[in-house]
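A.B. asks: Sharing structure.cif, mmCIF, C-alpha atoms and all ligand atoms:
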data_model
#
loop_
_atom_site.label_atom_id
_atom_site.label_comp_id
_atom_site.auth_asym_id
_atom_site.auth_seq_id
_atom_site.Cartn_x
_atom_site.Cartn_y
_atom_site.Cartn_z
CA MET P 1 14.40 75.68 -164.59
CA ILE P 2 14.66 72.28 -162.92
CA LEU P 3 13.62 72.23 -159.28
CA GLU P 4 13.79 68.88 -157.52
CA GLN P 5 12.85 68.49 -153.89
CA PHE P 6 14.41 65.88 -151.60
CA ARG P 7 12.92 64.76 -148.31
CA SER P 8 14.79 63.30 -145.36
CA GLY P 9 12.29 62.97 -142.51
CA GLY P 10 10.95 66.49 -142.06
CA CYS P 11 13.95 68.14 -143.75
CA LEU P 12 13.58 69.33 -147.34
CA SER P 13 16.48 70.11 -149.65
CA TYR P 14 16.63 71.16 -153.29
CA LEU P 15 18.43 70.80 -156.56
CA VAL P 16 17.89 73.94 -158.66
CA GLY P 17 19.25 73.75 -162.18
CA CYS P 18 19.35 75.53 -165.50
CA GLU P 19 18.60 73.02 -168.24
CA ARG P 20 19.96 75.20 -170.99
CA HIS P 21 23.44 75.55 -169.47
CA GLY P 22 23.53 72.29 -167.53
CA SER P 23 24.37 74.14 -164.30
CA ALA P 24 22.89 73.55 -160.86
CA VAL P 25 23.06 74.36 -157.16
CA ILE P 26 22.08 72.28 -154.12
CA VAL P 27 20.29 74.07 -151.30
CA ASP P 28 20.29 72.79 -147.68
CA PRO P 29 21.88 69.38 -148.42
CA GLU P 30 21.37 66.75 -145.73
CA ILE P 31 24.14 64.34 -144.89
CA ALA P 32 22.04 61.20 -145.41
CA LEU P 33 21.28 62.16 -149.04
CA VAL P 34 24.78 62.92 -150.36
CA ASP P 35 24.69 60.12 -152.95
CA ARG P 36 21.18 61.06 -154.12
CA TYR P 37 22.09 64.67 -154.92
CA GLN P 38 24.95 63.58 -157.11
CA ALA P 39 22.83 60.91 -158.78
CA ALA P 40 19.99 63.42 -159.45
CA ALA P 41 22.34 66.02 -160.92
CA ALA P 42 23.82 63.37 -163.21
CA GLN P 43 20.38 62.13 -164.21
CA HIS P 44 19.33 65.65 -165.28
CA GLY P 45 22.67 66.21 -167.02
CA LEU P 46 23.57 69.00 -164.59
CA ARG P 47 26.92 70.01 -163.16
CA LEU P 48 26.85 71.41 -159.64
CA HIS P 49 28.34 74.87 -159.06
CA TYR P 50 27.40 75.84 -155.51
CA LEU P 51 26.23 74.36 -152.24
CA VAL P 52 24.04 76.69 -150.20
CA ASP P 53 22.86 76.44 -146.61
CA THR P 54 20.01 78.87 -145.95
CA HIS P 55 21.11 79.10 -142.29
CA THR P 56 22.98 77.32 -139.49
CA HIS P 57 20.81 74.25 -138.96
CA ALA P 58 20.25 73.08 -135.39
CA ASP P 59 18.19 70.02 -136.17
CA HIS P 60 20.00 68.10 -138.88
CA PHE P 61 23.47 67.57 -140.25
CA SER P 62 24.42 69.75 -143.18
CA ALA P 63 26.19 67.97 -146.03
CA CYS P 64 27.77 71.16 -147.37
CA ARG P 65 31.20 70.52 -145.93
CA LYS P 66 31.29 66.89 -147.07
CA LEU P 67 30.01 67.60 -150.59
CA ALA P 68 32.33 70.58 -150.90
CA GLY P 69 35.31 68.32 -150.19
CA GLN P 70 34.12 65.51 -152.49
CA LEU P 71 33.11 67.71 -155.41
CA ARG P 72 35.41 70.71 -154.92
CA LEU P 73 32.48 73.11 -154.78
CA PRO P 74 32.18 76.38 -152.89
CA VAL P 75 29.87 76.58 -149.87
CA VAL P 76 27.63 79.64 -149.81
CA MET P 77 26.08 81.09 -146.64
CA HIS P 78 25.12 84.45 -145.24
CA ARG P 79 28.05 86.50 -143.97
CA ALA P 80 26.77 86.13 -140.36
CA SER P 81 27.30 82.34 -140.48
CA PRO P 82 29.73 81.14 -137.81
CA ALA P 83 30.92 78.19 -139.95
CA PRO P 84 34.64 78.52 -140.79
CA PHE P 85 34.36 76.48 -144.00
CA VAL P 86 32.08 78.90 -145.88
CA ASP P 87 33.76 79.93 -149.16
CA ILE P 88 31.36 82.60 -150.39
CA ARG P 89 29.67 84.79 -147.80
CA VAL P 90 26.69 86.58 -149.29
CA ASP P 91 24.41 89.37 -148.15
CA ASP P 92 21.04 90.85 -148.95
CA GLY P 93 20.59 92.05 -152.52
CA GLU P 94 23.32 89.85 -154.01
CA CYS P 95 22.73 86.97 -156.38
CA LEU P 96 24.26 83.69 -157.47
CA ILE P 97 24.44 83.01 -161.19
CA VAL P 98 23.57 79.42 -162.14
CA GLY P 99 23.49 79.17 -165.93
CA ALA P 100 20.72 81.51 -167.02
CA LEU P 101 19.19 81.57 -163.54
CA ARG P 102 19.69 84.32 -160.96
CA LEU P 103 19.25 83.21 -157.35
CA GLN P 104 18.58 86.39 -155.40
CA VAL P 105 19.63 86.49 -151.77
CA LEU P 106 17.18 87.94 -149.26
CA HIS P 107 18.62 88.28 -145.77
CA THR P 108 15.74 87.24 -143.52
CA PRO P 109 17.02 87.00 -139.91
CA GLY P 110 14.73 85.77 -137.17
CA HIS P 111 14.86 81.96 -137.14
CA THR P 112 18.64 82.52 -136.96
CA ALA P 113 20.74 85.63 -137.50
CA ASP P 114 22.23 84.12 -140.67
CA SER P 115 18.96 83.06 -142.35
CA ILE P 116 18.55 83.78 -146.05
CA CYS P 117 15.85 83.05 -148.61
CA LEU P 118 16.63 82.50 -152.29
CA ALA P 119 14.25 83.88 -154.89
CA VAL P 120 14.55 82.39 -158.37
CA GLU P 121 12.07 82.96 -161.19
CA ASP P 122 8.58 82.52 -159.71
CA CYS P 123 9.81 80.50 -156.70
CA VAL P 124 11.36 81.28 -153.35
CA LEU P 125 13.33 78.83 -151.22
CA THR P 126 12.44 80.07 -147.75
CA GLY P 127 14.74 78.00 -145.53
CA ASP P 128 13.19 78.02 -142.06
CA THR P 129 11.96 81.61 -142.32
CA LEU P 130 8.55 80.66 -143.75
CA LEU P 131 7.18 77.12 -143.62
CA ILE P 132 3.89 75.76 -144.94
CA GLY P 133 1.34 76.76 -142.30
CA ALA P 134 4.07 77.76 -139.87
CA THR P 135 7.32 79.67 -139.51
CA GLY P 136 10.74 78.71 -138.26
CA ARG P 137 11.06 78.76 -134.48
CA THR P 138 12.85 81.65 -132.81
CA ASP P 139 13.92 80.08 -129.50
CA LEU P 140 17.18 78.46 -130.66
CA PRO P 141 20.60 80.21 -130.65
CA THR P 142 20.55 83.60 -132.50
CA GLY P 143 16.74 83.39 -132.97
CA ASP P 144 14.73 86.62 -132.63
CA ALA P 145 10.95 86.79 -133.00
CA GLY P 146 10.90 90.54 -133.70
CA LEU P 147 13.40 90.17 -136.53
CA LEU P 148 11.42 87.24 -137.94
CA TYR P 149 8.32 89.45 -138.03
CA ASP P 150 10.28 92.11 -139.92
CA SER P 151 11.68 89.52 -142.35
CA LEU P 152 8.25 88.02 -143.02
CA PHE P 153 6.10 91.10 -143.25
CA GLY P 154 8.77 93.49 -144.49
CA ARG P 155 10.36 91.20 -147.09
CA LEU P 156 8.97 87.77 -147.90
CA LEU P 157 5.26 88.49 -147.91
CA ARG P 158 5.86 91.39 -150.29
CA LEU P 159 6.80 88.96 -153.05
CA PRO P 160 4.03 88.46 -155.62
CA PRO P 161 1.26 86.29 -154.13
CA GLU P 162 1.63 83.63 -156.81
CA THR P 163 5.31 83.04 -155.87
CA ARG P 164 5.78 79.37 -155.00
CA VAL P 165 7.17 78.75 -151.51
CA TYR P 166 9.63 75.88 -150.98
CA PRO P 167 10.58 75.57 -147.29
CA ALA P 168 13.45 73.68 -145.64
CA HIS P 169 11.07 71.80 -143.37
CA ASN P 170 7.71 70.13 -143.56
CA TYR P 171 6.42 67.37 -141.34
CA ARG P 172 3.11 66.75 -143.14
CA ASP P 173 4.13 65.55 -146.61
CA GLN P 174 3.33 68.91 -148.21
CA SER P 175 5.86 69.96 -150.81
CA SER P 176 5.11 73.61 -151.59
CA SER P 177 2.71 76.50 -151.12
CA THR P 178 2.44 80.09 -152.35
CA ILE P 179 3.06 83.45 -150.73
CA GLY P 180 -0.63 84.30 -151.22
CA ALA P 181 -1.87 81.07 -149.62
CA GLU P 182 0.44 81.53 -146.63
CA ARG P 183 -0.51 85.18 -146.22
CA ALA P 184 -4.17 84.17 -146.16
CA GLY P 185 -4.07 80.93 -144.18
CA ASN P 186 -0.84 80.51 -142.20
CA PRO P 187 -1.97 80.80 -138.54
CA ARG P 188 1.24 82.51 -137.46
CA LEU P 189 0.73 85.27 -140.01
CA GLN P 190 -2.76 86.18 -138.83
CA VAL P 191 -1.42 88.31 -135.97
CA ASP P 192 -2.15 91.92 -135.20
CA GLY P 193 1.29 93.52 -135.35
CA ARG P 194 4.86 92.87 -134.27
CA ASP P 195 4.25 92.62 -130.51
CA ALA P 196 1.47 90.07 -130.99
CA PHE P 197 3.76 88.00 -133.23
CA ILE P 198 6.55 88.09 -130.60
CA ALA P 199 4.06 87.04 -127.91
CA LEU P 200 2.81 84.20 -130.12
CA MET P 201 6.35 82.92 -130.80
CA ASP P 202 7.26 83.21 -127.10
CA SER P 203 4.22 81.13 -126.13
CA LEU P 204 5.07 78.13 -128.35
CA ASN P 205 7.19 76.23 -125.79
CA LEU P 206 8.68 73.85 -128.34
CA LYS P 207 10.82 70.93 -127.29
CA ALA P 208 14.48 71.12 -128.23
CA PRO P 209 15.28 69.27 -131.48
CA ASP P 210 17.00 65.89 -131.22
CA HIS P 211 20.78 66.14 -131.54
CA LEU P 212 20.67 69.95 -131.03
CA THR P 213 24.13 70.28 -129.54
CA GLU P 214 25.66 67.72 -131.90
CA ALA P 215 24.12 69.41 -134.97
CA LEU P 216 25.34 72.84 -133.89
CA ARG P 217 28.81 71.45 -133.16
CA VAL P 218 29.01 69.81 -136.59
CA ASN P 219 27.37 72.58 -138.62
CA CYS P 220 29.27 75.43 -136.94
CA SER P 221 32.69 73.75 -136.97
CA GLY P 222 32.58 71.57 -140.08
CA GLY P 223 33.37 68.58 -137.86
CA ARG P 224 31.74 65.20 -138.21
CA SER P 225 28.65 63.70 -136.62
CA VAL P 226 28.80 60.39 -134.78
CA ALA P 227 26.70 58.74 -137.52
CA GLN P 228 29.09 60.07 -140.16
CA LEU P 229 32.09 58.74 -138.23
CA ILE P 230 30.50 55.28 -138.10
CA ALA P 231 29.47 55.40 -141.80
CA GLU P 232 33.01 56.34 -142.81
CA ALA P 233 34.43 53.50 -140.71
CA ALA P 234 31.89 51.09 -142.26
CA ASP P 235 33.09 52.10 -145.73
CA GLN P 236 36.60 50.90 -144.84
CA ILE P 237 35.81 47.40 -143.60
CA ALA P 238 33.91 44.18 -144.27
CA PHE P 239 31.39 42.48 -142.00
CA MET P 240 30.40 38.92 -141.13
CA PRO P 241 26.77 37.92 -140.49
CA ILE P 242 25.91 36.57 -137.05
CA ASP P 243 24.89 33.10 -138.31
CA GLU P 244 28.18 32.80 -140.21
CA VAL P 245 30.18 33.61 -137.07
CA TYR P 246 28.13 31.06 -135.15
CA ARG P 247 28.65 28.41 -137.84
CA ARG P 248 32.41 28.96 -137.79
CA ILE P 249 32.88 28.94 -134.01
CA ALA P 250 30.60 25.91 -133.70
CA ALA P 251 32.58 23.98 -136.34
CA ARG P 252 36.08 24.91 -135.11
CA ASP P 253 37.42 22.59 -137.83
CA ASP P 254 39.95 24.71 -139.64
CA ALA P 255 42.54 25.42 -136.96
CA SER P 256 45.01 26.99 -139.39
CA ASP P 257 42.53 29.71 -140.28
CA ALA P 258 40.58 29.90 -137.03
CA LEU P 259 38.49 32.96 -136.49
CA VAL P 260 39.27 34.93 -133.33
CA VAL P 261 36.18 36.56 -131.88
CA LEU P 262 37.03 39.80 -130.09
CA ASP P 263 34.63 41.44 -127.62
CA VAL P 264 35.34 45.16 -127.18
CA ARG P 265 32.64 45.93 -124.60
CA GLU P 266 33.36 46.89 -120.99
CA SER P 267 34.53 44.17 -118.57
CA ASP P 268 31.22 43.83 -116.68
CA ALA P 269 29.29 43.34 -119.94
CA TYR P 270 31.77 40.66 -121.02
CA ALA P 271 31.58 38.91 -117.65
CA ASP P 272 27.76 38.94 -117.81
CA GLY P 273 27.88 36.85 -120.98
CA HIS P 274 29.71 36.79 -124.30
CA ILE P 275 30.10 34.82 -127.51
CA PRO P 276 31.66 31.44 -126.57
CA GLY P 277 35.44 31.57 -126.77
CA ALA P 278 35.56 35.36 -127.35
CA ARG P 279 38.69 37.20 -126.35
CA HIS P 280 38.19 40.50 -124.57
CA VAL P 281 39.82 43.92 -124.83
CA PRO P 282 37.62 46.94 -123.98
CA ARG P 283 37.50 49.50 -126.79
CA GLY P 284 39.14 52.10 -124.53
CA GLN P 285 42.26 49.93 -124.17
CA LEU P 286 42.36 48.41 -127.63
CA GLU P 287 45.28 50.34 -129.14
CA LEU P 288 47.43 49.77 -126.03
CA ARG P 289 46.69 46.07 -125.46
CA VAL P 290 45.92 44.56 -128.84
CA ASP P 291 49.50 43.49 -129.64
CA ARG P 292 49.70 41.50 -126.43
CA VAL P 293 46.32 39.82 -126.85
CA LEU P 294 46.61 39.25 -130.62
CA PRO P 295 50.31 39.03 -131.50
CA ASP P 296 49.65 37.90 -135.10
CA PRO P 297 48.44 40.85 -137.22
CA LEU P 298 47.42 38.42 -139.98
CA GLN P 299 45.01 36.68 -137.63
CA ARG P 300 41.44 36.66 -138.85
CA ILE P 301 39.53 38.65 -136.22
CA VAL P 302 35.81 39.38 -135.97
CA VAL P 303 35.08 42.27 -133.62
CA TYR P 304 31.79 42.79 -131.81
CA CYS P 305 30.20 45.12 -129.26
CA GLU P 306 26.64 45.51 -127.97
CA TYR P 307 24.99 47.19 -130.99
CA GLY P 308 27.55 47.09 -133.81
CA LYS P 309 28.64 50.73 -133.75
CA ILE P 310 31.70 50.69 -131.48
CA SER P 311 32.84 47.47 -133.18
CA THR P 312 32.68 49.21 -136.58
CA LEU P 313 34.91 52.03 -135.31
CA ALA P 314 37.24 49.54 -133.57
CA THR P 315 37.58 47.38 -136.69
CA ALA P 316 38.45 50.37 -138.89
CA MET P 317 41.09 51.34 -136.31
CA LEU P 318 42.51 47.78 -136.26
CA ARG P 319 42.72 47.77 -140.07
CA GLY P 320 44.40 51.15 -139.91
CA ILE P 321 47.16 49.88 -137.64
CA GLY P 322 47.80 46.76 -139.71
CA PHE P 323 45.32 44.05 -138.71
CA SER P 324 44.39 43.64 -142.34
CA ARG P 325 41.99 40.74 -141.76
CA ALA P 326 39.93 42.42 -139.03
CA ILE P 327 36.20 42.43 -139.78
CA ALA P 328 33.17 43.47 -137.74
CA LEU P 329 30.14 41.46 -136.71
CA ASP P 330 27.11 42.59 -138.75
CA GLY P 331 24.95 43.41 -135.75
CA GLY P 332 25.84 43.30 -132.09
CA PHE P 333 25.76 41.06 -129.05
CA SER P 334 22.19 42.23 -128.35
CA GLN P 335 21.15 40.49 -131.58
CA TRP P 336 23.24 37.43 -130.78
CA ARG P 337 21.46 37.22 -127.41
CA SER P 338 17.97 37.77 -128.84
CA SER P 339 18.63 35.13 -131.53
CA GLY P 340 19.01 32.57 -128.72
CA LEU P 341 22.57 31.65 -129.69
CA PRO P 342 24.84 30.13 -127.01
CA ILE P 343 26.37 32.49 -124.49
CA GLU P 344 29.37 31.85 -122.28
CA SER P 345 29.95 33.51 -118.90
CA THR P 346 33.55 33.67 -117.82
CA PRO P 347 35.22 36.58 -116.06
CA ALA P 348 37.01 39.24 -118.08
CA GLU P 349 40.75 38.84 -118.50
CA PRO P 350 42.55 41.14 -116.05
FE FE C 401 16.50 75.60 -139.04
#
What does the file become when written as structure tokens?
Ligand SMILES: [Fe+2]

C.D. replies:
Amino acid sequence: MILEQFRSGGCLSYLVGCERHGSAVIVDPEIALVDRYQAAAAQHGLRLHYLVDTHTHADHFSACRKLAGQLRLPVVMHRASPAPFVDIRVDDGECLIVGALRLQVLHTPGHTADSICLAVEDCVLTGDTLLIGATGRTDLPTGDAGLLYDSLFGRLLRLPPETRVYPAHNYRDQSSSTIGAERAGNPRLQVDGRDAFIALMDSLNLKAPDHLTEALRVNCSGGRSVAQLIAEAADQIAFMPIDEVYRRIAARDDASDALVVLDVRESDAYADGHIPGARHVPRGQLELRVDRVLPDPLQRIVVYCEYGKISTLATAMLRGIGFSRAIALDGGFSQWRSSGLPIESTPAEP
């Protein structure tokens, strides 16, 4: 068995493969690592068969939907998952066949109602049910401390003590543990019964994860995150470095191929100061006004905003409607300003 762990901040994901058959599965893929999973599978000579999410993640963006579309692979989740794009809904006692490996599904609700663990050979991928020295939290949507107690003490901790534990999260650079070590040393498992465990979980008072609502929106609907939207737009366009834009507007020597600088920030930001000579159309009005402001679709346009995100989206849109030479500033006006480059203050065009 090949088991490779990937870390993205505190999120851990896995490639589990059968060397003999060249088959593999990815568990809890994270959107930022999409290219790495494919590269790792290729490096090991493995073909991917399934994408599994151990539960509906509230703290990071699942890559299941994206990888499923790119690689034409089925997404596997527990049958209680709200995500409409799940292809294979599994339940307790079932297994996934990956070459000679059998990945056994344990339904372990508690962190979420749709949490599963996957036992394979002498390992168990525990999702957020059991972490190293901790457990998943139970205060997010569909969490239930009593059910987590039942899942831990009634199911997971009954696995042989030498079973290696691979969680979906770890914030301390630990990669794995064992059932025996967790049973003996995990502070949350040293409680005296179900009620004490519930009281312990209720007393934790954890802060909500960053991007909670955005992650739930994306992971439950299969929609896209804002970062994904910007990354996809960035893949469709080219950029120009700030010093190159400055060099070109300072020279102003090639009138036939002059670069039009387009500021897409709001009017007050433009009036406060902008790149010298920049035209202005706020992003919100761009589709409606661009033909009037820039009548030549073959004009070379460099688009900028404050931080380089809105301008990336705006440039992809402009390319999409036919401004085939639109490019985005690599960076934003905040960088232009902090680089000490010249700034012009003229009122926004009405
Ligand atoms: Fe989670």

A.B. asks: Go through P:Arg217, P:His21, P:Arg248, P:His60 one by one, measure the shortest atom-to-atom distance of each to Pro82 of chain P using all atoms listed in the file, and give the residue with the smallest value.

C.D. replies: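 Ranked by minimum distance to Pro82 of chain P, first place goes to P:Arg217.
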
A.B. asks: Which protein, DNA or RNA residues are at most 12 Å from (31.6, 26.7, -135.1) in the file's coordinates when you count all atoms listed in the file, listed as a count of residues only?

C.D. replies: 23

A.B. asks: Check which residues fall inside 12 Å of ligand FE 401 (chain C) when counting all atoms listed in the file, and print them as JSON, numbers by chain.

C.D. replies: {"P": [10, 11, 12, 13, 28, 53, 54, 55, 56, 57, 58, 59, 60, 61, 62, 109, 110, 111, 112, 113, 114, 115, 116, 126, 127, 128, 129, 130, 131, 135, 136, 137, 138, 139, 140, 141, 142, 143, 167, 168, 169, 170, 208, 209, 212, 215, 216, 219]}

A.B. asks: Those residues with C-alpha atoms, as a PDB file, in the frame of the given file please?

C.D. replies:
ATOM      1  CA  GLY P  10      10.950  66.490-142.060  1.00  0.00           C
ATOM      2  CA  CYS P  11      13.950  68.140-143.750  1.00  0.00           C
ATOM      3  CA  LEU P  12      13.580  69.330-147.340  1.00  0.00           C
ATOM      4  CA  SER P  13      16.480  70.110-149.650  1.00  0.00           C
ATOM      5  CA  ASP P  28      20.290  72.790-147.680  1.00  0.00           C
ATOM      6  CA  ASP P  53      22.860  76.440-146.610  1.00  0.00           C
ATOM      7  CA  THR P  54      20.010  78.870-145.950  1.00  0.00           C
ATOM      8  CA  HIS P  55      21.110  79.100-142.290  1.00  0.00           C
ATOM      9  CA  THR P  56      22.980  77.320-139.490  1.00  0.00           C
ATOM     10  CA  HIS P  57      20.810  74.250-138.960  1.00  0.00           C
ATOM     11  CA  ALA P  58      20.250  73.080-135.390  1.00  0.00           C
ATOM     12  CA  ASP P  59      18.190  70.020-136.170  1.00  0.00           C
ATOM     13  CA  HIS P  60      20.000  68.100-138.880  1.00  0.00           C
ATOM     14  CA  PHE P  61      23.470  67.570-140.250  1.00  0.00           C
ATOM     15  CA  SER P  62      24.420  69.750-143.180  1.00  0.00           C
ATOM     16  CA  PRO P 109      17.020  87.000-139.910  1.00  0.00           C
ATOM     17  CA  GLY P 110      14.730  85.770-137.170  1.00  0.00           C
ATOM     18  CA  HIS P 111      14.860  81.960-137.140  1.00  0.00           C
ATOM     19  CA  THR P 112      18.640  82.520-136.960  1.00  0.00           C
ATOM     20  CA  ALA P 113      20.740  85.630-137.500  1.00  0.00           C
ATOM     21  CA  ASP P 114      22.230  84.120-140.670  1.00  0.00           C
ATOM     22  CA  SER P 115      18.960  83.060-142.350  1.00  0.00           C
ATOM     23  CA  ILE P 116      18.550  83.780-146.050  1.00  0.00           C
ATOM     24  CA  THR P 126      12.440  80.070-147.750  1.00  0.00           C
ATOM     25  CA  GLY P 127      14.740  78.000-145.530  1.00  0.00           C
ATOM     26  CA  ASP P 128      13.190  78.020-142.060  1.00  0.00           C
ATOM     27  CA  THR P 129      11.960  81.610-142.320  1.00  0.00           C
ATOM     28  CA  LEU P 130       8.550  80.660-143.750  1.00  0.00           C
ATOM     29  CA  LEU P 131       7.180  77.120-143.620  1.00  0.00           C
ATOM     30  CA  THR P 135       7.320  79.670-139.510  1.00  0.00           C
ATOM     31  CA  GLY P 136      10.740  78.710-138.260  1.00  0.00           C
ATOM     32  CA  ARG P 137      11.060  78.760-134.480  1.00  0.00           C
ATOM     33  CA  THR P 138      12.850  81.650-132.810  1.00  0.00           C
ATOM     34  CA  ASP P 139      13.920  80.080-129.500  1.00  0.00           C
ATOM     35  CA  LEU P 140      17.180  78.460-130.660  1.00  0.00           C
ATOM     36  CA  PRO P 141      20.600  80.210-130.650  1.00  0.00           C
ATOM     37  CA  THR P 142      20.550  83.600-132.500  1.00  0.00           C
ATOM     38  CA  GLY P 143      16.740  83.390-132.970  1.00  0.00           C
ATOM     39  CA  PRO P 167      10.580  75.570-147.290  1.00  0.00           C
ATOM     40  CA  ALA P 168      13.450  73.680-145.640  1.00  0.00           C
ATOM     41  CA  HIS P 169      11.070  71.800-143.370  1.00  0.00           C
ATOM     42  CA  ASN P 170       7.710  70.130-143.560  1.00  0.00           C
ATOM     43  CA  ALA P 208      14.480  71.120-128.230  1.00  0.00           C
ATOM     44  CA  PRO P 209      15.280  69.270-131.480  1.00  0.00           C
ATOM     45  CA  LEU P 212      20.670  69.950-131.030  1.00  0.00           C
ATOM     46  CA  ALA P 215      24.120  69.410-134.970  1.00  0.00           C
ATOM     47  CA  LEU P 216      25.340  72.840-133.890  1.00  0.00           C
ATOM     48  CA  ASN P 219      27.370  72.580-138.620  1.00  0.00           C
TER      49      ASN P 219
END

A.B. asks: From the options P:Arg79, P:Met201, P:Pro74, P:Asp122, which residue's atoms come nearest to Ala134 of chain P, counting only C-alpha atoms?

C.D. replies: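 Closest residue, counting only C-alpha atoms: P:Met201.
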
A.B. asks: In terms of the shortest atom-to-atom distance over all atoms listed in the file, which of P:Leu106, P:Cys95, P:Leu48, P:Leu318 is closest to Val290 of chain P?

C.D. replies: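 Going through P:Leu106, P:Cys95, P:Leu48, P:Leu318 one by one, the smallest distance to Val290 of chain P is for P:Leu318.
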
A.B. asks: If I take atom CA of Val303 of chain P and atom CA of Pro241 of chain P, how far is one from the other in Å, to one decimal?

C.D. replies: 11.6 Å

A.B. asks: Pick out the residues sitting within 9 Å of Ala328 of chain P, and hand them over as a list in words; count only C-alpha atoms, and ignore anything fewer than 3 positions along from it in its own chain.

C.D. replies: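 Answer for this query is Ala234, Ile237, Ala238, Phe239, Met240, Pro241, Ile301, Val302, Val303, Tyr304, Gly308, Ser311, Thr312, Ala314, Thr315, Ala316 and Gly331 of chain P.
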
A.B. asks: Give me, please, the distance in Å between atom CA of Arg172 of chain P and atom CA of Leu33 of chain P, quoted to one decimal.

C.D. replies: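 Atom CA of Leu33 of chain P lies 19.6 Å from atom CA of Arg172 of chain P.
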
A.B. asks: Skipping near chain neighbours, those fewer than 5 positions away, what residues fall within 10 Å of Tyr270 of chain P using only C-alpha atoms, listed as an NGL selection string?

C.D. replies: :P and (263-265 or 275 or 278-282 or 305-306 or 344-349)

A.B. asks: Expressed in Å to a single decimal, how great is the separation between atom CA of Leu229 of chain P and atom CA of Ala32 of chain P?

C.D. replies: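 Atom CA of Leu229 of chain P sits 12.6 Å away from atom CA of Ala32 of chain P.
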
A.B. asks: When distances are computed from all atoms listed in the file, which of P:Ala41, P:Leu51, P:Leu71, P:Val16 shows the smallest separation from Pro29 of chain P?

C.D. replies: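 Ranking P:Ala41, P:Leu51, P:Leu71, P:Val16 by distance to Pro29 of chain P, first place goes to P:Leu51.
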
A.B. asks: Select, from P:Ser338, P:Ser151, P:Ala63, P:Ser23, the residue with the minimum atom-to-atom distance to Arg36 of chain P, counting all atoms listed in the file.

C.D. replies: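 That would be P:Ala63, the residue with the smallest distance to Arg36 of chain P.
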
A.B. asks: Produce the centre coordinates and the three edge lengths, each in Å to one decimal, of the box along x, y and z that contains all listed atoms of segment 230-242 of chain P with 4 Å added on each side, as lines of an AutoDock Vina configuration file.

C.D. replies:
center_x = 31.3
center_y = 46.5
center_z = -141.4
size_x = 18.7
size_y = 27.8
size_z = 16.7

A.B. asks: Near Arg47 of chain P, within 12 Å and counting only C-alpha atoms, which residues show up once chain neighbours fewer than 2 positions away are dropped, as a list in words?

C.D. replies: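 Answer for this query is Leu15, Val16, Gly17, Cys18, Glu19, Arg20, His21, Gly22, Ser23, Ala24, Val25, Ile26, Tyr37, Gln38, Ala39, Ala40, Ala41, Ala42, Gln43, His44, Gly45, His49, Tyr50, Leu51, Leu71, Arg72, Leu73, Val98 and Gly99 of chain P.
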
A.B. asks: Given the choices P:Gln228, P:Gln174, P:Ser339, P:Gln236, which gets closest to Ile327 of chain P if the distance is worked out from all atoms listed in the file?

C.D. replies: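 Looking at the shortest contact to Ile327 of chain P, the residue is P:Gln236.
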